[in-house]
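Engineer: See target04.tsv below, with TSV, C-alpha atoms.
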```tsv
chain	number	residue	atom	x	y	z
A	740	MET	CA	-60.01	-7.93	37.83
A	741	ASN	CA	-61.19	-5.73	40.66
A	742	SER	CA	-60.02	-2.16	40.06
A	743	ASP	CA	-59.08	-1.80	43.73
A	744	SER	CA	-56.87	-4.88	43.86
A	745	LEU	CA	-53.15	-4.32	44.29
A	746	THR	CA	-52.24	-6.34	41.19
A	747	PHE	CA	-54.53	-4.22	39.06
A	748	ILE	CA	-53.16	-0.96	40.46
A	749	PHE	CA	-49.60	-2.15	39.88
A	750	LEU	CA	-50.21	-3.31	36.31
A	751	ASN	CA	-52.31	-0.28	35.49
A	752	ALA	CA	-49.56	2.15	36.51
A	753	CYS	CA	-46.86	-0.01	34.93
A	754	ILE	CA	-48.29	-0.91	31.55
A	755	MET	CA	-51.84	0.18	30.70
A	756	ASN	CA	-51.39	3.78	31.78
A	757	ASN	CA	-47.65	3.99	31.52
A	758	PHE	CA	-46.45	7.33	32.88
A	759	VAL	CA	-44.08	8.01	30.01
A	760	LEU	CA	-45.92	6.61	27.04
A	761	SER	CA	-49.51	7.47	27.76
A	762	MET	CA	-49.21	10.49	30.00
A	763	PHE	CA	-45.98	12.08	28.79
A	764	LEU	CA	-44.76	12.44	32.34
A	765	GLY	CA	-41.10	12.74	33.07
A	766	ILE	CA	-39.98	12.77	29.48
A	767	CYS	CA	-37.37	15.45	30.13
A	768	PRO	CA	-34.79	13.01	31.52
A	769	PHE	CA	-35.63	10.53	28.84
A	770	ILE	CA	-35.07	12.98	26.00
A	771	GLY	CA	-31.92	14.35	27.59
A	772	MET	CA	-30.45	11.00	28.51
A	773	GLN	CA	-27.67	9.48	26.49
A	774	GLY	CA	-28.26	6.02	25.09
A	775	ASN	CA	-26.68	3.91	27.78
A	776	LEU	CA	-28.33	0.83	29.22
A	777	LYS	CA	-26.51	1.05	32.54
A	778	THR	CA	-27.53	4.66	33.16
A	779	ALA	CA	-31.09	3.80	32.25
A	780	VAL	CA	-31.28	1.03	34.83
A	781	ARG	CA	-29.86	3.26	37.55
A	782	MET	CA	-32.12	6.12	36.63
A	783	GLY	CA	-35.12	3.83	36.68
A	784	MET	CA	-34.18	2.54	40.12
A	785	THR	CA	-33.79	6.07	41.42
A	786	VAL	CA	-37.15	7.13	40.05
A	787	THR	CA	-38.86	4.12	41.62
A	788	PHE	CA	-37.18	4.91	44.92
A	789	VAL	CA	-38.24	8.57	44.84
A	790	MET	CA	-41.76	7.57	43.81
A	791	VAL	CA	-42.10	5.37	46.87
A	792	ILE	CA	-40.94	8.26	49.06
A	793	ALA	CA	-43.36	10.61	47.32
A	794	SER	CA	-46.22	8.17	47.77
A	795	ILE	CA	-45.57	7.89	51.51
A	796	CYS	CA	-45.33	11.69	51.79
A	797	ALA	CA	-48.53	12.15	49.82
A	798	THR	CA	-50.48	9.82	52.10
A	799	ALA	CA	-49.21	11.69	55.15
A	800	VAL	CA	-49.92	15.13	53.67
A	801	ASN	CA	-53.42	14.08	52.60
A	802	LEU	CA	-54.26	12.81	56.08
A	803	LEU	CA	-52.95	15.97	57.70
A	804	LEU	CA	-54.71	18.34	55.31
A	805	ALA	CA	-57.99	16.46	55.56
A	806	TYR	CA	-57.73	16.69	59.34
A	807	LEU	CA	-57.12	20.46	59.18
A	808	HIS	CA	-59.63	21.07	56.32
A	809	LEU	CA	-56.96	22.77	54.22
A	810	GLU	CA	-57.27	20.74	51.01
A	811	TYR	CA	-56.62	23.74	48.79
A	812	LEU	CA	-53.03	23.83	50.07
A	813	ARG	CA	-52.42	20.33	48.75
A	814	LEU	CA	-50.31	21.29	45.76
A	815	ILE	CA	-48.01	23.63	47.68
A	816	CYS	CA	-47.55	21.04	50.42
A	817	PHE	CA	-46.82	18.25	47.94
A	818	VAL	CA	-44.16	20.25	46.16
A	819	CYS	CA	-42.36	21.31	49.32
A	820	VAL	CA	-42.71	18.08	51.26
A	821	ILE	CA	-41.54	15.88	48.40
A	822	ALA	CA	-38.57	18.11	47.58
A	823	GLY	CA	-37.65	18.26	51.26
A	824	ALA	CA	-38.07	14.54	51.84
A	825	VAL	CA	-35.93	13.67	48.85
A	826	GLN	CA	-33.13	15.90	50.07
A	827	LEU	CA	-33.40	14.43	53.55
A	828	VAL	CA	-33.20	10.89	52.19
A	829	GLU	CA	-30.24	11.89	50.07
A	830	MET	CA	-28.37	13.13	53.15
A	831	LEU	CA	-29.28	9.97	55.05
A	832	LEU	CA	-28.08	7.77	52.22
A	833	LYS	CA	-24.84	9.67	51.96
A	834	LYS	CA	-24.17	9.03	55.61
A	835	LYS	CA	-25.50	5.51	56.07
A	836	SER	CA	-24.98	3.83	52.73
A	837	PRO	CA	-22.37	5.45	50.52
A	838	ALA	CA	-22.58	2.59	48.01
A	839	LEU	CA	-26.27	3.14	47.36
A	840	HIS	CA	-25.72	6.87	47.33
A	841	GLY	CA	-23.02	6.44	44.73
A	842	ALA	CA	-25.40	4.50	42.53
A	843	LEU	CA	-28.47	6.73	42.87
A	844	GLY	CA	-27.18	9.97	44.31
A	845	ILE	CA	-26.43	12.08	41.26
A	846	TYR	CA	-29.97	11.85	39.93
A	847	LEU	CA	-31.83	12.38	43.20
A	848	PRO	CA	-32.02	16.20	43.24
A	849	LEU	CA	-32.86	16.23	39.53
A	850	ILE	CA	-35.71	13.83	39.97
A	851	ALA	CA	-37.28	15.52	42.99
A	852	THR	CA	-38.90	18.12	40.77
A	853	ASN	CA	-39.72	15.75	37.93
A	854	SER	CA	-43.30	15.85	36.72
A	855	ALA	CA	-43.73	12.09	37.10
A	856	ILE	CA	-43.16	12.30	40.83
A	857	LEU	CA	-45.66	15.08	41.48
A	858	ALA	CA	-48.15	13.44	39.14
A	859	LEU	CA	-47.87	10.23	41.13
A	860	ALA	CA	-48.79	12.08	44.32
A	861	LEU	CA	-51.66	13.92	42.61
A	862	PHE	CA	-53.12	10.84	40.93
A	863	GLN	CA	-52.82	8.90	44.14
A	864	SER	CA	-54.90	11.47	46.01
A	865	LEU	CA	-57.32	11.81	43.09
A	866	ASN	CA	-58.00	8.08	43.16
A	867	GLN	CA	-58.11	8.10	46.97
A	868	TYR	CA	-55.73	5.17	47.31
A	869	SER	CA	-54.97	3.82	50.76
A	870	PHE	CA	-51.38	3.64	52.01
A	871	ILE	CA	-50.77	0.12	50.69
A	872	GLN	CA	-52.52	0.82	47.39
A	873	GLY	CA	-50.40	3.96	47.08
A	874	LEU	CA	-47.25	1.92	47.51
A	875	ALA	CA	-48.38	-0.55	44.84
A	876	TYR	CA	-49.15	2.40	42.55
A	877	ALA	CA	-45.71	3.93	43.15
A	878	LEU	CA	-43.91	0.64	42.55
A	879	GLY	CA	-45.93	0.05	39.37
A	880	ALA	CA	-45.31	3.52	38.04
A	881	GLY	CA	-41.61	3.21	38.84
A	882	ALA	CA	-41.40	-0.19	37.16
A	883	GLY	CA	-43.17	1.17	34.08
A	884	PHE	CA	-40.87	4.16	33.96
A	885	SER	CA	-37.77	1.94	34.22
A	886	LEU	CA	-39.13	-0.40	31.58
A	887	VAL	CA	-39.56	2.43	29.09
A	888	LEU	CA	-36.19	3.97	29.95
A	889	VAL	CA	-34.48	0.63	29.32
A	890	ILE	CA	-36.34	0.05	26.04
A	891	ILE	CA	-35.50	3.53	24.82
A	892	ALA	CA	-31.86	3.20	25.81
A	893	GLY	CA	-31.67	-0.07	23.90
A	894	LEU	CA	-33.28	1.54	20.87
A	895	ARG	CA	-30.90	4.48	21.10
A	896	GLU	CA	-27.90	2.17	21.02
A	897	ARG	CA	-29.31	0.68	17.83
A	898	LEU	CA	-30.16	4.09	16.39
A	899	ALA	CA	-26.55	5.22	16.65
A	900	LEU	CA	-25.59	2.71	13.96
A	901	PRO	CA	-27.66	3.58	10.88
A	902	GLY	CA	-27.01	6.97	9.33
A	903	ALA	CA	-30.06	9.05	10.16
A	904	PRO	CA	-30.17	12.36	8.33
A	905	ASP	CA	-28.63	15.24	10.26
A	906	VAL	CA	-31.95	17.03	10.58
A	907	GLY	CA	-33.31	14.21	12.69
A	908	ARG	CA	-30.29	13.91	14.96
A	909	SER	CA	-31.99	15.74	17.81
A	910	ALA	CA	-34.90	15.20	20.09
A	911	ALA	CA	-37.09	14.73	17.02
A	912	LEU	CA	-35.91	11.20	16.30
A	913	SER	CA	-36.33	10.03	19.90
A	914	LEU	CA	-39.81	11.54	19.99
A	915	ILE	CA	-40.89	9.67	16.90
A	916	VAL	CA	-39.39	6.44	18.23
A	917	ALA	CA	-41.27	7.03	21.48
A	918	GLY	CA	-44.42	7.57	19.46
A	919	ILE	CA	-44.06	4.17	17.82
A	920	LEU	CA	-43.39	2.61	21.21
A	921	SER	CA	-46.45	4.35	22.60
A	922	LEU	CA	-48.47	2.93	19.73
A	923	ALA	CA	-47.27	-0.55	20.69
A	924	PHE	CA	-48.19	-0.01	24.33
A	925	MET	CA	-51.68	1.08	23.32
A	926	GLY	CA	-52.29	-2.56	22.59
A	927	PHE	CA	-52.44	-3.10	26.34
A	928	ALA	CA	-55.25	-0.59	26.79
A	929	GLY	CA	-58.27	-2.17	28.40
A	930	VAL	CA	-56.42	-5.21	29.72
A	931	GLY	CA	-57.94	-6.30	32.99
A	932	TYR	CA	-61.32	-4.67	32.53
B	294	MET	CA	-29.90	32.91	29.57
B	295	SER	CA	-28.01	35.32	27.39
B	296	THR	CA	-31.03	36.43	25.43
B	297	VAL	CA	-30.69	40.14	26.13
B	298	THR	CA	-27.40	40.85	24.45
B	299	ASN	CA	-28.45	40.80	20.82
B	300	THR	CA	-30.65	43.88	20.68
B	301	ALA	CA	-28.87	46.23	18.33
B	302	ALA	CA	-31.29	45.98	15.42
B	303	ALA	CA	-34.73	46.32	17.01
B	304	PRO	CA	-35.92	48.28	20.03
B	305	TYR	CA	-35.03	46.44	23.20
B	306	SER	CA	-38.47	45.40	24.37
B	307	LEU	CA	-39.74	44.11	21.04
B	308	ALA	CA	-36.59	42.13	20.42
B	309	THR	CA	-36.82	40.43	23.80
B	310	LEU	CA	-40.44	39.57	23.22
B	311	LEU	CA	-39.84	38.18	19.75
B	312	ASN	CA	-36.78	36.28	20.83
B	313	GLY	CA	-38.79	34.20	23.28
B	314	MET	CA	-41.57	33.74	20.77
B	315	TRP	CA	-39.61	32.69	17.75
B	316	LYS	CA	-35.86	32.39	17.92
B	317	GLU	CA	-35.73	30.60	21.25
B	318	ASN	CA	-39.24	29.25	21.31
B	319	PRO	CA	-39.18	27.00	24.36
B	320	GLY	CA	-41.47	24.31	23.03
B	321	LEU	CA	-40.51	23.94	19.42
B	322	VAL	CA	-36.88	24.96	19.25
B	323	ILE	CA	-35.45	23.86	22.57
B	324	ALA	CA	-38.12	21.20	23.30
B	325	LEU	CA	-38.32	22.34	26.88
B	326	GLY	CA	-41.12	21.97	29.36
B	327	MET	CA	-43.23	19.70	27.23
B	328	CYS	CA	-43.68	16.96	29.82
B	329	PRO	CA	-46.80	18.03	31.62
B	330	THR	CA	-48.42	19.66	28.63
B	331	LEU	CA	-48.16	17.16	25.78
B	332	ALA	CA	-50.87	14.95	27.21
B	333	VAL	CA	-53.57	17.59	27.02
B	334	THR	CA	-52.77	19.16	23.65
B	335	ASN	CA	-55.21	16.90	21.83
B	336	SER	CA	-57.50	19.80	20.98
B	337	PHE	CA	-57.10	23.47	20.20
B	338	VAL	CA	-59.14	24.69	23.19
B	339	ASN	CA	-57.24	22.54	25.67
B	340	ALA	CA	-53.93	23.70	24.24
B	341	LEU	CA	-55.04	27.33	24.44
B	342	THR	CA	-56.14	27.00	28.06
B	343	MET	CA	-52.95	25.25	29.01
B	344	GLY	CA	-50.85	27.83	27.18
B	345	LEU	CA	-52.60	30.81	28.75
B	346	ALA	CA	-52.42	29.25	32.22
B	347	THR	CA	-48.69	28.70	31.79
B	348	LEU	CA	-48.27	32.23	30.44
B	349	PHE	CA	-50.03	33.71	33.46
B	350	VAL	CA	-48.01	31.69	35.96
B	351	LEU	CA	-44.78	32.43	34.13
B	352	VAL	CA	-45.28	36.21	33.94
B	353	VAL	CA	-46.63	36.71	37.46
B	354	SER	CA	-44.06	34.41	39.06
B	355	SER	CA	-41.23	36.22	37.23
B	356	ALA	CA	-42.52	39.58	38.43
B	357	VAL	CA	-42.90	38.40	42.02
B	358	VAL	CA	-39.54	36.63	42.09
B	359	SER	CA	-37.90	39.70	40.63
B	360	LEU	CA	-39.59	41.98	43.19
B	361	LEU	CA	-38.41	39.80	46.05
B	362	ARG	CA	-34.93	39.18	44.71
B	363	SER	CA	-33.13	41.42	47.21
B	364	PHE	CA	-35.00	40.02	50.23
B	365	VAL	CA	-34.57	36.30	49.65
B	366	PRO	CA	-31.25	34.78	50.76
B	367	THR	CA	-29.56	32.57	48.19
B	368	GLN	CA	-29.87	29.41	50.28
B	369	VAL	CA	-33.65	29.40	50.15
B	370	HIS	CA	-34.05	30.55	46.54
B	371	LEU	CA	-35.33	27.23	45.25
B	372	VAL	CA	-37.91	26.72	47.98
B	373	THR	CA	-39.19	30.30	47.76
B	374	HIS	CA	-39.57	30.05	44.01
B	375	LEU	CA	-41.36	26.72	44.30
B	376	VAL	CA	-43.81	28.14	46.84
B	377	ILE	CA	-44.51	31.22	44.71
B	378	ILE	CA	-45.10	29.11	41.62
B	379	ALA	CA	-47.23	26.56	43.46
B	380	THR	CA	-49.39	29.34	44.90
B	381	LEU	CA	-49.98	30.83	41.46
B	382	VAL	CA	-50.78	27.43	39.99
B	383	THR	CA	-53.30	26.80	42.76
B	384	ILE	CA	-54.96	30.13	41.89
B	385	VAL	CA	-55.08	29.19	38.19
B	386	ASP	CA	-56.42	25.74	39.03
B	387	ILE	CA	-59.28	27.15	41.07
B	388	ALA	CA	-59.97	29.88	38.49
B	389	ILE	CA	-60.21	27.44	35.55
B	390	GLY	CA	-62.48	25.21	37.61
B	391	ALA	CA	-64.78	28.16	38.21
B	392	ILE	CA	-64.73	29.54	34.66
B	393	SER	CA	-65.16	26.35	32.66
B	394	PRO	CA	-65.85	23.08	34.51
B	395	GLN	CA	-65.85	21.24	31.19
B	396	VAL	CA	-62.29	22.22	30.27
B	397	TYR	CA	-61.28	21.67	33.88
B	398	ARG	CA	-62.44	18.06	33.68
B	399	ALA	CA	-60.60	17.55	30.41
B	400	LEU	CA	-57.33	18.94	31.76
B	401	GLY	CA	-57.62	17.38	35.21
B	402	VAL	CA	-54.40	16.94	37.12
B	403	PHE	CA	-52.37	18.44	34.31
B	404	ILE	CA	-53.15	22.03	35.33
B	405	GLN	CA	-51.53	21.40	38.69
B	406	LEU	CA	-48.55	19.88	36.94
B	407	ILE	CA	-47.68	23.34	35.58
B	408	VAL	CA	-45.72	23.62	38.85
B	409	VAL	CA	-43.03	21.31	37.58
B	410	ASN	CA	-42.79	22.85	34.13
B	411	CYS	CA	-39.05	23.36	33.69
B	412	ILE	CA	-39.55	26.62	31.80
B	413	ILE	CA	-41.13	28.39	34.76
B	414	LEU	CA	-38.66	27.31	37.41
B	415	GLY	CA	-35.77	27.80	35.01
B	416	HIS	CA	-36.94	31.30	34.27
B	417	ALA	CA	-37.37	32.17	37.93
B	418	GLN	CA	-33.95	30.79	38.82
B	419	GLY	CA	-31.94	31.84	35.82
B	420	TYR	CA	-33.43	35.16	34.83
B	421	ALA	CA	-36.00	36.72	37.15
B	422	SER	CA	-33.90	36.46	40.29
B	423	LYS	CA	-31.21	38.55	38.63
B	424	SER	CA	-33.00	41.29	36.65
B	425	THR	CA	-35.53	44.07	37.09
B	426	VAL	CA	-39.27	43.51	37.26
B	427	TYR	CA	-39.95	45.06	33.86
B	428	ARG	CA	-37.27	43.07	32.07
B	429	SER	CA	-38.11	39.75	33.61
B	430	ALA	CA	-41.85	40.18	33.07
B	431	LEU	CA	-41.19	41.12	29.44
B	432	ASN	CA	-38.90	38.20	28.87
B	433	ALA	CA	-41.39	35.91	30.57
B	434	SER	CA	-44.20	37.21	28.33
B	435	GLY	CA	-42.12	36.42	25.26
B	436	THR	CA	-41.31	32.92	26.45
B	437	GLY	CA	-44.88	32.31	27.58
B	438	LEU	CA	-46.37	33.49	24.29
B	439	GLY	CA	-43.89	31.32	22.43
B	440	PHE	CA	-44.87	28.36	24.55
B	441	THR	CA	-48.56	29.02	23.95
B	442	LEU	CA	-47.84	29.23	20.23
B	443	ALA	CA	-46.03	25.91	20.36
B	444	LEU	CA	-48.93	24.28	22.19
B	445	LEU	CA	-51.40	25.72	19.68
B	446	CYS	CA	-49.34	24.30	16.81
B	447	LEU	CA	-49.55	20.90	18.45
B	448	GLY	CA	-53.17	21.12	19.53
B	449	GLY	CA	-54.36	22.49	16.19
B	450	VAL	CA	-52.66	19.80	14.12
B	451	ARG	CA	-53.77	17.02	16.43
B	452	GLU	CA	-57.37	18.18	16.48
B	453	VAL	CA	-57.61	18.64	12.73
B	454	LEU	CA	-56.01	15.27	11.94
B	455	GLY	CA	-57.54	13.36	14.81
B	456	THR	CA	-61.15	14.44	14.48
B	457	GLY	CA	-61.37	16.21	11.13
B	458	GLU	CA	-62.80	19.22	12.90
B	459	PHE	CA	-61.42	22.54	14.05
B	460	MET	CA	-63.05	23.89	17.21
B	461	GLY	CA	-66.19	21.90	16.43
B	462	ALA	CA	-66.47	22.91	12.77
B	463	PRO	CA	-65.97	20.04	10.30
B	464	LEU	CA	-63.26	20.78	7.76
B	465	PHE	CA	-63.02	17.99	5.23
B	466	GLY	CA	-66.55	16.90	4.47
B	467	GLU	CA	-68.09	13.51	5.15
B	468	ARG	CA	-65.66	11.28	3.34
B	469	PHE	CA	-62.76	12.13	5.63
B	470	GLU	CA	-61.86	9.29	7.93
B	471	PRO	CA	-60.53	10.80	11.21
B	472	TRP	CA	-56.98	9.77	11.95
B	473	ALA	CA	-57.89	8.82	15.51
B	474	VAL	CA	-54.38	7.96	16.62
B	475	MET	CA	-53.40	11.63	16.36
B	476	ALA	CA	-55.76	12.53	19.20
B	477	LEU	CA	-54.32	9.69	21.32
B	478	PRO	CA	-50.97	9.77	23.14
B	479	PRO	CA	-48.82	8.44	20.24
B	480	GLY	CA	-50.06	11.34	18.12
B	481	GLY	CA	-48.58	13.80	20.59
B	482	PHE	CA	-45.15	12.27	20.14
B	483	PHE	CA	-45.49	12.11	16.35
B	484	VAL	CA	-46.72	15.68	15.95
B	485	LEU	CA	-44.09	17.18	18.25
B	486	GLY	CA	-41.40	15.13	16.53
B	487	GLY	CA	-42.70	16.30	13.18
B	488	TRP	CA	-42.66	19.95	14.20
B	489	LEU	CA	-39.14	19.65	15.57
B	490	LEU	CA	-38.01	18.06	12.32
B	491	ALA	CA	-39.70	20.74	10.22
B	492	ILE	CA	-38.22	23.57	12.25
B	493	SER	CA	-34.71	22.20	12.30
B	494	TRP	CA	-34.97	21.63	8.53
B	495	TRP	CA	-36.19	25.22	8.03
B	496	LYS	CA	-33.42	26.63	10.23
B	497	ARG	CA	-30.82	24.64	8.35
B	498	ARG	CA	-32.14	25.91	5.02
B	499	THR	CA	-32.26	29.57	6.01
B	500	GLY	CA	-28.90	29.18	7.75
B	501	LYS	CA	-27.38	27.83	4.54
B	502	LYS	CA	-28.90	30.64	2.51
B	503	SER	CA	-27.58	33.42	4.72
B	504	ALA	CA	-24.19	31.67	4.89
B	505	GLY	CA	-24.17	31.57	1.08
B	506	VAL	CA	-24.94	35.30	0.85
B	507	GLU	CA	-22.13	36.08	3.26
B	508	GLN	CA	-19.72	33.99	1.23
B	509	LYS	CA	-20.71	35.80	-1.94
B	510	GLN	CA	-20.24	39.15	-0.27
B	511	ALA	CA	-16.85	38.09	1.01
B	512	ALA	CA	-15.83	36.99	-2.50
```
Before anything else, please render the file you have as structure tokens.
Structural biologist:
Amino acid sequence: MNSDSLTFIFLNACIMNNFVLSMFLGICPFIGMQGNLKTAVRMGMTVTFVMVIASICATAVNLLLAYLHLEYLRLICFVCVIAGAVQLVEMLLKKKSPALHGALGIYLPLIATNSAILALALFQSLNQYSFIQGLAYALGAGAGFSLVLVIIAGLRERLALPGAPDVGRSAALSLIVAGILSLAFMGFAGVGY
Amino acid sequence: MSTVTNTAAAPYSLATLLNGMWKENPGLVIALGMCPTLAVTNSFVNALTMGLATLFVLVVSSAVVSLLRSFVPTQVHLVTHLVIIATLVTIVDIAIGAISPQVYRALGVFIQLIVVNCIILGHAQGYASKSTVYRSALNASGTGLGFTLALLCLGGVREVLGTGEFMGAPLFGERFEPWAVMALPPGGFFVLGGWLLAISWWKRRTGKKSAGVEQKQAA
């Protein structure tokens, strides 16, 4: 598969180089989250949504900075523009589509400063993706993130049943479960090359 | 953060420093701010660089935020803090690139991801914007050193198990088969999980012991 093709970019971000399991990005919400499948799906949708916004912002910021020869300001611009854009979109949603806002709204401000979002923008500019490729990358990363959130939520629901020792009833258990999951996902490494 | 109240036993400054390093170690006890750092703790040197970079950003950003705390209106706190932190991270990024291109290549994007480390922003928002420069810098040093320590614990274990070497020096002789998975992403999860388990077990044990002593004294 051509490494510039949209399918490859999508699958690469979604499975081979999953943001959570192979790059440890955005694990804060996943450690903190309670084991609930419904929340996981919503959270995943929100992350995907914000990632698409971030990808669009990143393309715009990159074009502007390249035009002005100010590439060293990239990080500062990314942080501010993404945080601003997410807040703007949140206000728009609140006004135009209260239903969607009700579903996604509570997580939006939390996610704006999540490492996965900034990493998406940074990787996108590192790989010099075009606008369309960037969108495919964002959708793939979002899909991968949701996939892992849903799997972990499902596992958590199971984990509540057996009596794990008290010592492990913290982040430790979820981390080790995530490690095993990450091991499973490593089987996908190299697919498509 | 109510870390400053319990200072009766030791001198103020030392207690604050130690508190961040041990009792409330951000990485190992509260499991905070690990997202952008776990990926690059596969060797001791990487972990050290990452830890020191975070320490620098944390201390300087706390001092600057604390200096500016009476000038910045509350409404723009978050944005101001983000810009200060992002500026410092850009400085660190360029500095590491100039000092050691090899480490820079290994760490890649993850240096820039220090921006979104929850410890730094949390510290700026929750502590530095409310206390004096000296106090917030001190508290930040404690937290930053603790974080570096946590990263070193991870990086050291992963390097020794994953390659059988420590900073390039072989440890176990030729018959040791490197446990390669420890240097790969799953190893990061396993080692951090293991440390968290060990520390919560240790805390529980010492907690029980001191509780037992108190009960005896009461009896």
Engineer: Between atom CA of A:Leu912 and atom CA of A:Phe763, measure the distance and give it in Å to one decimal.
Structural biologist: 16.1 Å
Engineer: What's the 8 Å shell around B:Leu341, counting all atoms listed in the file, without same-chain residues fewer than 5 positions away, as a PyMOL selection string?
Structural biologist: chain B and resi 441+444-445
Engineer: With C-alpha atoms retained, export the selected residues as a compact mmCIF listing (two decimals), in the frame of the given file.
Structural biologist:
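And here's selection-v5.txt as it stands now:
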```txt
# COMPACT_ATOMS: atom_id res chain seq x y z
CA THR B 441 -48.56 29.02 23.95
CA LEU B 444 -48.93 24.28 22.19
CA LEU B 445 -51.40 25.72 19.68
```
Engineer: Got a sec: who's within 8 Å of stretch 817-819 of chain A, counting all atoms listed in the file, leaving out chain neighbours fewer than 6 positions off, as a PyMOL selection string?
Structural biologist: (chain A and resi 796-797+800+852+857+860) or (chain B and resi 372+375-376+379)
Engineer: Could you list, as an NGL selection string, every residue within 9 Å of stretch 458-471 of chain B, counting all atoms listed in the file and ignoring same-chain residues fewer than 3 positions away?
Structural biologist: :B and (336-338 or 449 or 452-455 or 474-475)
Engineer: Need to verify the contact set: A:Leu750, 9 Å, all atoms listed in the file, exclusion of same-chain residues closer than 4 positions in sequence. Can you return it as a ChimeraX atom specification?
Structural biologist: /A:745-746,754-756,876,879-880,883,931
Engineer: Hey, could you pull the box centre and edge lengths for stretch 466-469 of chain B, axis-aligned, 3 Å padding per side, all listed atoms, to one decimal in Å, as JSON?
Structural biologist:
```
{"center_x": -65.4, "center_y": 14.1, "center_z": 4.5, "size_x": 11.3, "size_y": 11.6, "size_z": 8.3}
```
Engineer: What are the residues of chain A that have an atom within 8 Å of an atom of chain B, counting only C-alpha atoms, as a PyMOL selection string?
Structural biologist: chain A and resi 760-767+811-812+814-815+818-819+852-854+857-858+861-862+906-907+910-915+917-919+921-922
Engineer: One number please: atom CA of A:Met784 to atom CA of A:Ile871, in Å, one decimal.
Structural biologist: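 Distance between the two atoms: 19.8 Å.
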Engineer: For atom CA of A:Val889 and atom CA of A:Gly873, quote the distance in Å rounded to one decimal.
Structural biologist: 24.1 Å
Engineer: Could you tell me which of A:Ala805, A:Ile795, A:Cys753, A:Leu894 comes closest to A:Ala779 if we count all atoms listed in the file?
Structural biologist: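 Nearest to A:Ala779: A:Leu894.
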Engineer: Would you mind telling me which residue in A:Tyr806, A:Gly783, A:Phe749, A:Asn757 lies nearest to A:Ser885 when using all atoms listed in the file?
Structural biologist: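 Going through A:Tyr806, A:Gly783, A:Phe749, A:Asn757 one by one, the smallest distance to A:Ser885 is for A:Gly783.
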Engineer: From the set B:Thr436, B:Ser393, B:Pro366, B:Ser359, which residue has the shortest atom-to-atom contact distance to B:Tyr420, counting only C-alpha atoms?
Structural biologist: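 Closest to B:Tyr420 of all the choices is B:Ser359.
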